[in-house]
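The structure under discussion appears below in the form of structure tokens.
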Amino acid sequence: MVDMEEMLMNYWRTISLLVLLMLSIDVIGASEWYYWQRDNLLHGEIWRLFTGQVVHTNQAHLVGNIAVLIMLCHFYESILDGIKLIALSFAIGVSISLSLFYTAIDTYLGFSGILHGLFVWCAIKEIHQGKVSGWIILIAITGKLLQDGIYGPAVSTSELIEARVAIEAHDAGALFGGIFALLSIASPIRPHINLFATLSHSR
């Protein structure tokens, strides 16, 4: 039987490690080695496909994304365990990075694209469970993305993070979060994945 207390501890340990990774890169000031940069990636620095998502422009950008991540994980801890959090963050992050090659962006930093994807993934999973809250979150995110696309992101946000808000990454994150959610619902191998996740939390 799975120990619920142990599952929650492992879940929050995973979140802590992800936050620690973001903080460590910021503290040592090594972000130039990790952010998404088109030319560097084309020259073989493929680690930037994921690490570009966990570095930030400044401390306000970093703290803001960490706060949203913790809020998301607290709100969705019943459907988003540690394994899923890491796997989804990696899959959505790499998918965003690949999609950015089809834009005019040369440099990108930040976890917000992944956050959009995680929110959409969780919202669709809740909709599948018959929860109205899933529809509320999905409609809210869709409305935000449409507003940003039509009118542009808030100027105050750009000033706060000292950079242009990459709405392309937000759109891509939301799109891939939705795709991965639908695939996880439709996939015939989903029970085996759930069994693996359950066994990994068991002693």
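Residues in the structure tokens are named by chain (A, B, ... in the order shown) and by number from 1 within that chain; ligands are numbered from 1 in the order shown.
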### Message
From a backbone DSSP assignment, name each residue in region 5-173 of chain A labelled alpha helix (DSSP H), as a PyMOL selection string.
### Response
chain A and resi 5-28+38-42+48-51+59-75+82-99+112-128+132-151+155-161+167-173
### Query
Which residues, written as an MDAnalysis selection string, have at least one atom at most 8 Å from Ala169 (chain A), with only C-alpha atoms counted and residues fewer than 5 positions away on the same chain left out?
chainID A and resid 96 100 112:113
### Query
Do you have the CA of Ala163 (chain A)-CA of Ala140 (chain A) distance handy?
24.2 Å
### Message
Give me the residues near Val68 (chain A) as a ChimeraX atom specification, where near means some atom within 9 Å (using only C-alpha atoms) and where sequence neighbours in that chain fewer than 5 positions away do not count.
### Response
/A:63,73,112,115
Write the residues of the selection above to a file with C-alpha atoms, as a PDB file, in the first residue's frame.
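Saved result, result12.pdb, follows:
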ATOM      1  CA  VAL A  63      10.890  34.639  -7.624  1.00  0.00           C
ATOM      2  CA  CYS A  73       1.856  22.261  -7.182  1.00  0.00           C
ATOM      3  CA  SER A 112       6.741  30.676 -17.561  1.00  0.00           C
ATOM      4  CA  LEU A 115       4.037  26.895 -16.228  1.00  0.00           C
TER       5      LEU A 115
END
### Message
Could you list, as an MDAnalysis selection string, every residue within 10 Å of Phe111 (chain A), counting only C-alpha atoms and ignoring same-chain residues fewer than 4 positions away?
### Response
chainID A and resid 22 50:56 61:62 64:66 68:69 89 93 115:116 169:170 173
### Message
Among region 19-154 of chain A, which residues does DSSP mark as strand (DSSP E or B) when it is run on the backbone? Keep the chain and numbering as in the structure and answer as a ChimeraX atom specification.
### Response
/A:36-37,107-108
Would you save the residues from that selection as a compact mmCIF listing (two decimals), in the first residue's frame, using N, CA and C atoms?
# COMPACT_ATOMS: atom_id res chain seq x y z
N TRP A 36 18.40 29.76 -23.49
CA TRP A 36 18.12 29.36 -24.87
C TRP A 36 18.70 30.41 -25.79
N GLN A 37 19.65 30.01 -26.61
CA GLN A 37 20.30 30.94 -27.53
C GLN A 37 20.46 30.23 -28.87
N THR A 107 17.00 34.74 -28.27
CA THR A 107 17.37 34.42 -26.88
C THR A 107 16.10 34.28 -26.05
N TYR A 108 16.07 33.28 -25.18
CA TYR A 108 14.90 33.09 -24.32
C TYR A 108 15.34 32.56 -22.97
### Message
Taking 4 positions as the minimum chain separation for residues in the same chain, which residues sit within 12 Å of Thr157 (chain A) when counting only C-alpha atoms? Answer as a ChimeraX atom specification.
### Response
/A:60-61,64,148,152-153,161-167
Restricted to N, CA and C atoms, what would the selected residues look like written as a JSON list (two decimals), in the first residue's frame?
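Resulting contents of result.json:
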[["chain", "number", "residue", "atom", "x", "y", "z"],
["A", 60, "ALA", "N", 13.40, 39.17, -9.79],
["A", 60, "ALA", "CA", 11.94, 39.32, -9.80],
["A", 60, "ALA", "C", 11.31, 38.26, -10.71],
["A", 61, "HIS", "N", 11.93, 38.03, -11.85],
["A", 61, "HIS", "CA", 11.47, 37.01, -12.79],
["A", 61, "HIS", "C", 11.55, 35.62, -12.14],
["A", 64, "GLY", "N", 9.04, 35.29, -9.07],
["A", 64, "GLY", "CA", 7.67, 35.22, -9.56],
["A", 64, "GLY", "C", 7.32, 33.85, -10.09],
["A", 148, "ASP", "N", -3.00, 38.63, -24.72],
["A", 148, "ASP", "CA", -1.59, 38.93, -24.97],
["A", 148, "ASP", "C", -1.28, 38.95, -26.47],
["A", 152, "GLY", "N", -0.93, 42.51, -26.76],
["A", 152, "GLY", "CA", 0.42, 42.47, -26.23],
["A", 152, "GLY", "C", 0.40, 42.30, -24.72],
["A", 153, "PRO", "N", 1.46, 41.75, -24.15],
["A", 153, "PRO", "CA", 1.53, 41.56, -22.69],
["A", 153, "PRO", "C", 1.63, 42.90, -21.97],
["A", 161, "ILE", "N", 10.58, 42.27, -15.38],
["A", 161, "ILE", "CA", 11.57, 41.23, -15.69],
["A", 161, "ILE", "C", 12.72, 41.76, -16.56],
["A", 162, "GLU", "N", 12.62, 43.03, -16.94],
["A", 162, "GLU", "CA", 13.66, 43.69, -17.74],
["A", 162, "GLU", "C", 13.92, 42.97, -19.06],
["A", 163, "ALA", "N", 12.84, 42.54, -19.69],
["A", 163, "ALA", "CA", 12.95, 41.83, -20.96],
["A", 163, "ALA", "C", 11.58, 41.79, -21.63],
["A", 164, "ARG", "N", 11.59, 41.50, -22.91],
["A", 164, "ARG", "CA", 10.34, 41.31, -23.64],
["A", 164, "ARG", "C", 9.68, 40.02, -23.16],
["A", 165, "VAL", "N", 8.38, 40.05, -22.95],
["A", 165, "VAL", "CA", 7.64, 38.84, -22.58],
["A", 165, "VAL", "C", 7.48, 37.97, -23.83],
["A", 166, "ALA", "N", 7.99, 36.75, -23.75],
["A", 166, "ALA", "CA", 7.97, 35.85, -24.92],
["A", 166, "ALA", "C", 6.63, 35.12, -24.98],
["A", 167, "ILE", "N", 5.63, 35.79, -25.56],
["A", 167, "ILE", "CA", 4.31, 35.17, -25.64],
["A", 167, "ILE", "C", 4.33, 33.92, -26.52]]
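Proximity to region 123-136 of chain A at 9 Å, evaluated using only C-alpha atoms and with sequence-adjacent residues fewer than 3 positions away removed, yields Ile79, Leu118, Phe119, Val120, Ile139, Ala140, Ile141, Gly178, Ala181, Leu182, Ser184 and Ile185 of chain A.
CA of Gly82 (chain A) is found 12.6 Å from CA of Ile70 (chain A).
Take the candidates A:Leu72, A:Glu159, A:Ala154, A:Asp106 and check each one against Ile137 (chain A) using only C-alpha atoms; the shortest distance goes to A:Leu72.
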### Query
Distance CA of Ala91 (chain A)-CA of Phe176 (chain A), one decimal place?
8.6 Å
